[in-house]
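Asker: You'll find final14.pdb just under this line, and it carries PDB, C-alpha atoms.
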```pdb
ATOM      1  CA  MET Z   1     -20.793   4.291 -12.497
ATOM      2  CA  SER Z   2     -20.320   3.022  -8.956
ATOM      3  CA  GLU Z   3     -16.829   3.498  -7.579
ATOM      4  CA  ARG Z   4     -17.229   0.897  -4.919
ATOM      5  CA  VAL Z   5     -18.393  -2.691  -5.005
ATOM      6  CA  HIS Z   6     -20.156  -3.492  -1.748
ATOM      7  CA  ASN Z   7     -19.780  -6.952  -0.300
ATOM      8  CA  ARG Z   8     -20.843  -9.214   2.509
ATOM      9  CA  LEU Z   9     -17.591 -11.092   2.601
ATOM     10  CA  ALA Z  10     -16.833 -10.576   6.302
ATOM     11  CA  VAL Z  11     -20.278 -11.778   7.387
ATOM     12  CA  VAL Z  12     -20.292 -14.812   5.116
ATOM     13  CA  ARG Z  13     -16.702 -15.711   6.003
ATOM     14  CA  ALA Z  14     -17.468 -15.553   9.725
ATOM     15  CA  GLU Z  15     -20.613 -17.592   9.209
ATOM     16  CA  HIS Z  16     -18.597 -20.299   7.461
ATOM     17  CA  ARG Z  17     -15.831 -20.057  10.087
ATOM     18  CA  VAL Z  18     -13.177 -19.527   7.447
ATOM     19  CA  SER Z  19     -10.068 -17.457   8.172
ATOM     20  CA  ARG Z  20      -8.826 -14.833   5.743
ATOM     21  CA  ARG Z  21      -5.751 -16.931   5.086
ATOM     22  CA  GLU Z  22      -7.821 -20.055   4.290
ATOM     23  CA  LEU Z  23     -10.063 -18.130   1.928
ATOM     24  CA  ALA Z  24      -7.066 -16.454   0.294
ATOM     25  CA  ASP Z  25      -5.336 -19.803  -0.271
ATOM     26  CA  ALA Z  26      -8.524 -21.270  -1.718
ATOM     27  CA  VAL Z  27      -9.103 -18.482  -4.240
ATOM     28  CA  GLY Z  28      -5.438 -17.803  -5.107
ATOM     29  CA  ALA Z  29      -5.118 -14.393  -3.493
ATOM     30  CA  HIS Z  30      -2.911 -12.860  -0.828
ATOM     31  CA  TYR Z  31      -4.513 -12.966   2.636
ATOM     32  CA  GLN Z  32      -4.254  -9.202   2.965
ATOM     33  CA  THR Z  33      -6.284  -8.841  -0.226
ATOM     34  CA  ILE Z  34      -9.212 -10.486   1.568
ATOM     35  CA  GLY Z  35      -8.906  -7.844   4.299
ATOM     36  CA  HIS Z  36      -8.797  -5.068   1.697
ATOM     37  CA  LEU Z  37     -11.950  -6.490   0.081
ATOM     38  CA  GLU Z  38     -13.768  -6.705   3.420
ATOM     39  CA  ARG Z  39     -12.887  -3.122   4.326
ATOM     40  CA  GLY Z  40     -14.035  -1.899   0.908
ATOM     41  CA  GLN Z  41     -10.539  -0.701   0.019
ATOM     42  CA  TYR Z  42     -10.294  -2.818  -3.095
ATOM     43  CA  ASN Z  43     -12.828  -3.868  -5.716
ATOM     44  CA  PRO Z  44     -12.293  -7.432  -6.923
ATOM     45  CA  SER Z  45     -12.024  -8.393 -10.549
ATOM     46  CA  LEU Z  46     -14.879 -10.448 -11.966
ATOM     47  CA  ASP Z  47     -12.559 -13.446 -11.911
ATOM     48  CA  LEU Z  48     -11.803 -13.115  -8.188
ATOM     49  CA  ALA Z  49     -15.422 -12.332  -7.283
ATOM     50  CA  LEU Z  50     -16.579 -15.477  -9.106
ATOM     51  CA  ARG Z  51     -13.907 -17.602  -7.439
ATOM     52  CA  ILE Z  52     -14.962 -16.348  -3.997
ATOM     53  CA  ALA Z  53     -18.632 -16.950  -4.778
ATOM     54  CA  GLU Z  54     -17.820 -20.442  -6.010
ATOM     55  CA  TYR Z  55     -15.868 -21.166  -2.821
ATOM     56  CA  PHE Z  56     -18.886 -20.288  -0.658
ATOM     57  CA  ARG Z  57     -21.282 -21.949  -3.155
ATOM     58  CA  LEU Z  58     -23.301 -18.767  -3.395
ATOM     59  CA  PRO Z  59     -24.416 -16.697  -6.370
ATOM     60  CA  VAL Z  60     -22.012 -13.813  -6.886
ATOM     61  CA  GLU Z  61     -24.793 -11.268  -6.312
ATOM     62  CA  ALA Z  62     -25.275 -12.657  -2.802
ATOM     63  CA  LEU Z  63     -21.742 -11.535  -1.972
ATOM     64  CA  PHE Z  64     -21.102  -8.493  -4.160
ATOM     65  CA  SER Z  65     -23.329  -5.602  -5.173
ATOM     66  CA  LEU Z  66     -23.034  -2.160  -6.729
ATOM     67  CA  THR Z  67     -25.463  -0.831  -4.125
ATOM     68  CA  ALA Z  68     -25.115  -1.146  -0.364
ATOM     69  CA  PHE Z  69     -26.573  -4.295   1.161
ATOM     70  CA  ARG Z  70     -29.414  -3.998   3.649
ATOM     71  CA  PRO Z  71     -28.570  -5.380   7.083
ATOM     72  CA  LEU Z  72     -29.257  -9.106   7.285
ATOM     73  CA  SER Z  73     -31.655  -8.555  10.191
ATOM     74  CA  GLU Z  74     -33.821  -6.378   7.947
ATOM     75  CA  GLU Z  75     -33.764  -8.957   5.189
ATOM     76  CA  LEU Z  76     -34.650 -11.759   7.590
ATOM     77  CA  TYR Z  77     -37.447  -9.886   9.378
ATOM     78  CA  PRO Z  78     -38.802  -7.386   6.841
ATOM     79  CA  ARG Z  79     -42.516  -7.761   7.621
ATOM     80  CA  ARG Z  80     -42.360  -6.786  11.281
ATOM     81  CA  ARG Z  81     -40.714  -3.460  10.456
ATOM     82  CA  ASP Z  82     -42.921  -2.755   7.420
ATOM     83  CA  GLU Z  83     -46.137  -3.488   9.275
ATOM     84  CA  GLY Z  84     -45.204  -1.378  12.309
ATOM     85  CA  THR Z  85     -47.040  -3.834  14.536
ATOM     86  CA  GLU Z  86     -47.949  -3.211  18.122
ATOM     87  CA  ALA Z  87     -45.094  -5.424  19.211
ATOM     88  CA  ASP Z  88     -42.638  -3.040  17.524
ATOM     89  CA  THR Z  89     -44.103   0.170  18.929
ATOM     90  CA  ALA Z  90     -45.051  -1.014  22.428
ATOM     91  CA  PRO Z  91     -42.493  -0.467  25.190
ATOM     92  CA  PRO Z  92     -40.647  -3.553  26.413
ATOM     93  CA  ARG Z  93     -42.350  -5.633  29.012
ATOM     94  CA  GLY Z  94     -41.467  -4.481  32.525
ATOM     95  CA  SER Z  95     -40.574  -0.968  31.356
ATOM     96  CA  SER Z  96     -41.712   1.817  33.698
ATOM     97  CA  THR Z  97     -42.405   4.334  30.925
TER      98      THR Z  97
ATOM     99  CA  MET J   1      -1.478 -17.604  -6.007
ATOM    100  CA  THR J   2      -1.119 -18.317  -9.726
ATOM    101  CA  ALA J   3      -4.202 -17.498 -11.785
ATOM    102  CA  PRO J   4      -5.089 -19.606 -14.827
ATOM    103  CA  GLY J   5      -3.090 -18.606 -17.879
ATOM    104  CA  ARG J   6      -0.164 -17.260 -15.894
ATOM    105  CA  LEU J   7       3.269 -18.805 -15.842
ATOM    106  CA  GLN J   8       3.801 -21.465 -13.207
ATOM    107  CA  PRO J   9       6.008 -20.426 -10.278
ATOM    108  CA  THR J  10       9.467 -21.914 -10.039
ATOM    109  CA  ALA J  11      11.016 -23.340  -6.864
ATOM    110  CA  SER J  12      12.923 -20.064  -6.535
ATOM    111  CA  ASP J  13       9.669 -18.077  -6.804
ATOM    112  CA  ARG J  14       8.086 -20.148  -4.045
ATOM    113  CA  ARG J  15      11.147 -19.851  -1.789
ATOM    114  CA  LEU J  16      11.277 -16.075  -2.227
ATOM    115  CA  HIS J  17       7.521 -15.855  -1.621
ATOM    116  CA  ARG J  18       7.926 -17.722   1.683
ATOM    117  CA  ILE J  19      10.751 -15.390   2.725
ATOM    118  CA  MET J  20       8.791 -12.259   1.845
ATOM    119  CA  ASN J  21       5.750 -13.485   3.763
ATOM    120  CA  ASP J  22       7.661 -14.896   6.743
ATOM    121  CA  PRO J  23       5.486 -14.160   9.797
ATOM    122  CA  ARG J  24       8.567 -13.896  12.053
ATOM    123  CA  THR J  25       9.533 -10.541  10.498
ATOM    124  CA  LYS J  26       6.060  -8.995  10.647
ATOM    125  CA  PRO J  27       6.190  -7.753  14.287
ATOM    126  CA  TYR J  28       9.123  -5.477  13.361
ATOM    127  CA  HIS J  29       6.788  -3.368  11.210
ATOM    128  CA  ALA J  30       3.403  -4.060  12.740
ATOM    129  CA  THR J  31       2.587  -0.433  13.537
ATOM    130  CA  ALA J  32       2.548   2.705  11.401
ATOM    131  CA  GLY J  33       5.160   4.320  13.671
ATOM    132  CA  ARG J  34       7.606   1.452  13.203
ATOM    133  CA  ARG J  35       7.050   1.446   9.459
ATOM    134  CA  ARG J  36       7.746   5.183   9.199
ATOM    135  CA  ALA J  37      10.855   4.808  11.368
ATOM    136  CA  LEU J  38      12.149   1.979   9.176
ATOM    137  CA  VAL J  39      11.574   3.972   5.992
ATOM    138  CA  LEU J  40      13.352   6.987   7.517
ATOM    139  CA  ALA J  41      16.260   4.796   8.663
ATOM    140  CA  HIS J  42      16.525   3.257   5.197
ATOM    141  CA  THR J  43      16.465   6.703   3.579
ATOM    142  CA  ALA J  44      19.178   7.901   5.990
ATOM    143  CA  ALA J  45      21.344   4.812   5.337
ATOM    144  CA  THR J  46      20.974   5.355   1.590
ATOM    145  CA  ALA J  47      21.895   9.031   1.946
ATOM    146  CA  ALA J  48      24.915   8.145   4.108
ATOM    147  CA  GLY J  49      26.158   5.588   1.576
ATOM    148  CA  PHE J  50      25.618   8.031  -1.288
ATOM    149  CA  THR J  51      27.455  10.784   0.585
ATOM    150  CA  GLY J  52      30.337   8.394   1.270
ATOM    151  CA  LEU J  53      30.524   7.546  -2.429
ATOM    152  CA  VAL J  54      30.501  11.168  -3.550
ATOM    153  CA  VAL J  55      33.108  12.285  -0.997
ATOM    154  CA  LEU J  56      35.259   9.226  -1.732
ATOM    155  CA  TYR J  57      35.299  10.271  -5.375
ATOM    156  CA  ALA J  58      35.807  13.979  -4.700
ATOM    157  CA  ALA J  59      38.351  13.823  -1.851
ATOM    158  CA  HIS J  60      40.269  10.708  -2.985
ATOM    159  CA  ASN J  61      40.422   9.615   0.637
ATOM    160  CA  ALA J  62      39.978   5.860   1.015
ATOM    161  CA  TRP J  63      38.659   6.220   4.571
ATOM    162  CA  TRP J  64      35.318   7.341   3.167
ATOM    163  CA  ALA J  65      34.865   3.769   1.983
ATOM    164  CA  ALA J  66      34.330   2.933   5.661
ATOM    165  CA  LEU J  67      31.206   5.114   5.655
ATOM    166  CA  ILE J  68      29.913   3.249   2.600
ATOM    167  CA  ALA J  69      30.612  -0.106   4.280
ATOM    168  CA  ALA J  70      28.926   0.988   7.527
ATOM    169  CA  ALA J  71      25.903   2.293   5.614
ATOM    170  CA  LEU J  72      25.661  -0.970   3.691
ATOM    171  CA  LEU J  73      25.719  -2.992   6.912
ATOM    172  CA  VAL J  74      22.579  -1.140   8.007
ATOM    173  CA  TRP J  75      21.064  -0.783   4.552
ATOM    174  CA  VAL J  76      20.921  -4.496   3.666
ATOM    175  CA  PRO J  77      18.829  -5.707   6.649
ATOM    176  CA  LEU J  78      16.645  -2.591   6.420
ATOM    177  CA  THR J  79      15.970  -3.346   2.760
ATOM    178  CA  GLY J  80      14.948  -6.847   3.797
ATOM    179  CA  LEU J  81      12.511  -5.415   6.323
ATOM    180  CA  LEU J  82      11.023  -3.027   3.763
ATOM    181  CA  ASN J  83      10.563  -5.923   1.369
ATOM    182  CA  SER J  84       8.909  -7.938   4.136
ATOM    183  CA  MET J  85       6.721  -4.929   4.948
ATOM    184  CA  THR J  86       5.442  -4.812   1.375
ATOM    185  CA  ASP J  87       5.180  -8.627   1.131
ATOM    186  CA  GLY J  88       7.734  -8.626  -1.663
ATOM    187  CA  LEU J  89       5.852  -6.207  -3.902
ATOM    188  CA  PHE J  90       9.034  -5.376  -5.815
ATOM    189  CA  GLU J  91      11.061  -8.505  -5.127
ATOM    190  CA  LEU J  92       8.613 -11.126  -6.333
ATOM    191  CA  ARG J  93       7.877 -11.741  -9.973
ATOM    192  CA  PRO J  94       4.382 -10.768 -11.162
ATOM    193  CA  ARG J  95       3.317 -14.406 -11.301
ATOM    194  CA  MET J  96       3.653 -14.550  -7.494
ATOM    195  CA  LEU J  97       1.489 -11.483  -6.848
ATOM    196  CA  ASP J  98      -2.282 -11.353  -6.854
ATOM    197  CA  GLU J  99      -4.400  -8.790  -8.688
ATOM    198  CA  ARG J 100      -4.510  -6.269  -5.792
ATOM    199  CA  GLN J 101      -0.738  -6.451  -5.357
ATOM    200  CA  LEU J 102      -0.189  -5.956  -9.081
ATOM    201  CA  ALA J 103      -2.529  -2.950  -9.012
ATOM    202  CA  GLU J 104      -0.682  -1.548  -5.973
ATOM    203  CA  ARG J 105       2.677  -2.072  -7.670
ATOM    204  CA  ALA J 106       1.479  -0.230 -10.770
ATOM    205  CA  ALA J 107       0.045   2.609  -8.678
ATOM    206  CA  VAL J 108       3.272   3.016  -6.697
ATOM    207  CA  HIS J 109       5.394   2.902  -9.860
ATOM    208  CA  GLY J 110       3.171   5.587 -11.389
ATOM    209  CA  LEU J 111       3.458   7.824  -8.331
ATOM    210  CA  ALA J 112       7.232   7.328  -8.101
ATOM    211  CA  PHE J 113       7.600   8.080 -11.803
ATOM    212  CA  ARG J 114       5.832  11.427 -11.386
ATOM    213  CA  VAL J 115       7.993  12.368  -8.383
ATOM    214  CA  VAL J 116      11.253  11.391 -10.121
ATOM    215  CA  ARG J 117      10.219  13.307 -13.235
ATOM    216  CA  LEU J 118       9.808  16.459 -11.123
ATOM    217  CA  VAL J 119      13.188  15.923  -9.445
ATOM    218  CA  VAL J 120      14.886  15.380 -12.832
ATOM    219  CA  LEU J 121      13.227  18.540 -14.143
ATOM    220  CA  ALA J 122      14.441  20.475 -11.086
ATOM    221  CA  ALA J 123      17.990  19.129 -11.584
ATOM    222  CA  VAL J 124      18.011  20.032 -15.291
ATOM    223  CA  LEU J 125      16.765  23.541 -14.515
ATOM    224  CA  ALA J 126      19.379  23.921 -11.770
ATOM    225  CA  PHE J 127      22.214  22.921 -14.089
ATOM    226  CA  ALA J 128      20.823  25.119 -16.861
ATOM    227  CA  GLY J 129      20.748  28.003 -14.398
ATOM    228  CA  LEU J 130      24.348  27.352 -13.382
ATOM    229  CA  ALA J 131      25.421  27.173 -17.021
ATOM    230  CA  ALA J 132      23.600  30.445 -17.701
ATOM    231  CA  THR J 133      25.715  32.172 -15.054
ATOM    232  CA  GLY J 134      28.796  31.377 -17.090
ATOM    233  CA  ILE J 135      30.037  28.218 -15.383
ATOM    234  CA  ALA J 136      31.423  25.800 -17.953
ATOM    235  CA  LEU J 137      29.715  22.422 -18.071
ATOM    236  CA  ALA J 138      33.157  20.807 -17.832
ATOM    237  CA  ASP J 139      33.462  22.351 -14.369
ATOM    238  CA  LEU J 140      30.159  20.789 -13.406
ATOM    239  CA  ALA J 141      31.176  17.279 -14.439
ATOM    240  CA  GLY J 142      31.487  16.038 -10.850
ATOM    241  CA  ALA J 143      28.170  17.558  -9.818
ATOM    242  CA  LEU J 144      26.502  16.124 -12.922
ATOM    243  CA  ALA J 145      27.876  12.667 -12.184
ATOM    244  CA  GLY J 146      26.789  12.853  -8.532
ATOM    245  CA  THR J 147      23.332  14.039  -9.508
ATOM    246  CA  GLY J 148      23.077  11.222 -12.023
ATOM    247  CA  VAL J 149      23.959   8.598  -9.431
ATOM    248  CA  GLY J 150      21.569  10.197  -6.954
ATOM    249  CA  LEU J 151      18.743  10.133  -9.474
ATOM    250  CA  LEU J 152      19.530   6.515 -10.298
ATOM    251  CA  LEU J 153      19.247   5.632  -6.607
ATOM    252  CA  LEU J 154      16.051   7.653  -6.252
ATOM    253  CA  GLN J 155      14.285   6.032  -9.183
ATOM    254  CA  GLY J 156      15.313   2.601  -7.916
ATOM    255  CA  LEU J 157      14.352   3.070  -4.272
ATOM    256  CA  LEU J 158      11.484   5.568  -4.262
ATOM    257  CA  PRO J 159       8.871   2.933  -5.252
ATOM    258  CA  LEU J 160       9.923   0.778  -2.292
ATOM    259  CA  TRP J 161       9.771   3.734   0.123
ATOM    260  CA  LEU J 162       6.368   4.817  -1.175
ATOM    261  CA  ALA J 163       4.978   1.287  -1.045
ATOM    262  CA  ALA J 164       6.271   0.857   2.515
ATOM    263  CA  VAL J 165       4.651   4.126   3.618
ATOM    264  CA  ARG J 166       1.332   3.071   2.044
ATOM    265  CA  VAL J 167       1.198  -0.231   3.956
ATOM    266  CA  GLU J 168      -1.663  -0.370   6.454
ATOM    267  CA  ASP J 169      -2.099  -2.242   9.723
ATOM    268  CA  VAL J 170      -3.227  -5.832   9.265
ATOM    269  CA  PRO J 171      -6.262  -6.689  11.402
ATOM    270  CA  ALA J 172      -6.115  -9.977  13.298
ATOM    271  CA  ASP J 173      -7.528 -13.012  11.511
ATOM    272  CA  GLU J 174     -10.255 -13.507  14.077
ATOM    273  CA  VAL J 175     -11.690 -16.822  12.832
ATOM    274  CA  ALA J 176      -9.774 -19.782  14.189
ATOM    275  CA  ALA J 177      -8.485 -22.074  11.493
TER     276      ALA J 177
END
```
Could you take the file, read its structure, and then write that structure out as structure tokens?

Answerer:
Amino acid sequence: MSERVHNRLAVVRAEHRVSRRELADAVGAHYQTIGHLERGQYNPSLDLALRIAEYFRLPVEALFSLTAFRPLSEELYPRRRDEGTEADTAPPRGSST
Amino acid sequence: MTAPGRLQPTASDRRLHRIMNDPRTKPYHATAGRRRALVLAHTAATAAGFTGLVVLYAAHNAWWAALIAAALLVWVPLTGLLNSMTDGLFELRPRMLDERQLAERAAVHGLAFRVVRLVVLAAVLAFAGLAATGIALADLAGALAGTGVGLLLLQGLLPLWLAAVRVEDVPADEVAA
């Protein structure tokens, strides 16, 4: 059984420009609890996880996972890395090497 | 703060919650060093007051009440700061705490219980050892009473000290409201 629930709370909160205190007030938690969640120091109950997901209007699995999330850049641009295209392997334009 | 199914907070609950989370007191314990210093000062003030009480009883000298009064003058504001440090973990009723705070309160109570149990065991063994050397229990009445009061103080205050030591720095809320 996983001991830690991974989350993308900090990224999503920053994207929505919501402060910890605003999110905490909205979901009925203490603002420091949001910080504990973001730092992975506390695993939320199902109730709190669902309330946070509802606040951001996202499915709960978009925010919380038992396995570590891949970086968003990898999820947004998976094909370029998988294909190993010339653009990825070639040195940057103007490079002397 | 109140989850569905929990009792609604009273006006007194809300007032106490505001006091415990008053941002004006937070700079006093913003760093780990300050928090440790405050806990040590509170422990010292408690020990001074307890010593004053014991000596007042043993020596029958009313001047020792001055030590108790002086310790209390320091102890009361320090207790307020420790409660502010823990965001009212032990002052607020459960209905005013969220799930992480309730879990932290239970964890601290559990840890404090184990420590106090060891101290009580040590005290019982110490008194049993003294009795085994031939000292009558009647002669130990004062020591027994003092130990009892000390243990009462310890079981009441240790959770607050432990919770205060476990508090971590709060990162800045970087997103503008």

Asker: Might you pull out every residue within 10 Å of Z:Ala26, with all atoms listed in the file counted and same-chain residues fewer than 2 positions away left off, and present them as a ChimeraX atom specification?

Answerer: /Z:20-24,28-29,51-52,55 /J:1

Asker: Generate the output file for the selected residues, C-alpha atoms, as a PDB file, in the coordinates of the input.

Answerer:
```
ATOM      1  CA  ARG Z  20      -8.826 -14.833   5.743  1.00  0.00           C
ATOM      2  CA  ARG Z  21      -5.751 -16.931   5.086  1.00  0.00           C
ATOM      3  CA  GLU Z  22      -7.821 -20.055   4.290  1.00  0.00           C
ATOM      4  CA  LEU Z  23     -10.063 -18.130   1.928  1.00  0.00           C
ATOM      5  CA  ALA Z  24      -7.066 -16.454   0.294  1.00  0.00           C
ATOM      6  CA  GLY Z  28      -5.438 -17.803  -5.107  1.00  0.00           C
ATOM      7  CA  ALA Z  29      -5.118 -14.393  -3.493  1.00  0.00           C
ATOM      8  CA  ARG Z  51     -13.907 -17.602  -7.439  1.00  0.00           C
ATOM      9  CA  ILE Z  52     -14.962 -16.348  -3.997  1.00  0.00           C
ATOM     10  CA  TYR Z  55     -15.868 -21.166  -2.821  1.00  0.00           C
TER      11      TYR Z  55
ATOM     12  CA  MET J   1      -1.478 -17.604  -6.007  1.00  0.00           C
TER      13      MET J   1
END
```

Asker: With a cut-off of 10 Å and counting all atoms listed in the file, select all residues of chain Z in contact with chain J and give the selection as a compact mmCIF listing (two decimals) with C-alpha atoms, in the coordinates of the input.

Answerer:
```txt
# COMPACT_ATOMS: atom_id res chain seq x y z
CA ARG Z 13 -16.70 -15.71 6.00
CA ALA Z 14 -17.47 -15.55 9.72
CA GLU Z 15 -20.61 -17.59 9.21
CA HIS Z 16 -18.60 -20.30 7.46
CA ARG Z 17 -15.83 -20.06 10.09
CA VAL Z 18 -13.18 -19.53 7.45
CA SER Z 19 -10.07 -17.46 8.17
CA ARG Z 20 -8.83 -14.83 5.74
CA ARG Z 21 -5.75 -16.93 5.09
CA GLU Z 22 -7.82 -20.06 4.29
CA ALA Z 24 -7.07 -16.45 0.29
CA ASP Z 25 -5.34 -19.80 -0.27
CA ALA Z 26 -8.52 -21.27 -1.72
CA VAL Z 27 -9.10 -18.48 -4.24
CA GLY Z 28 -5.44 -17.80 -5.11
CA ALA Z 29 -5.12 -14.39 -3.49
CA HIS Z 30 -2.91 -12.86 -0.83
CA TYR Z 31 -4.51 -12.97 2.64
CA GLN Z 32 -4.25 -9.20 2.96
CA THR Z 33 -6.28 -8.84 -0.23
CA ILE Z 34 -9.21 -10.49 1.57
CA GLY Z 35 -8.91 -7.84 4.30
CA HIS Z 36 -8.80 -5.07 1.70
CA LEU Z 37 -11.95 -6.49 0.08
CA TYR Z 42 -10.29 -2.82 -3.10
CA ASN Z 43 -12.83 -3.87 -5.72
CA PRO Z 44 -12.29 -7.43 -6.92
CA SER Z 45 -12.02 -8.39 -10.55
CA ASP Z 47 -12.56 -13.45 -11.91
CA LEU Z 48 -11.80 -13.12 -8.19
```

Asker: Atom CA of J:Phe90 and atom CA of J:Gly33, how far apart in Å?

Answerer: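 Rounded to one decimal, the two atoms are 22.1 Å apart.
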
Asker: Mind pulling up the distance from atom CA of J:Pro23 to atom CA of J:Arg93?

Answerer: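 Computing it gives 20.1 Å between the two atoms.
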
Asker: Which residues match the PyMOL selection byres ((chain Z and resi 7) around 8) in the file above, as a ChimeraX atom specification?

Answerer: /Z:5-6,8-9,37-38,40,63-65,68-69

Asker: What's around stretch 145-156 of chain J at 12 Å? Count only C-alpha atoms, leave out sequence neighbours fewer than 2 positions away in its own chain, and write the answer as a PyMOL selection string.

Answerer: chain J and resi 43+46-58+90+108-124+126-127+137-143+158-162
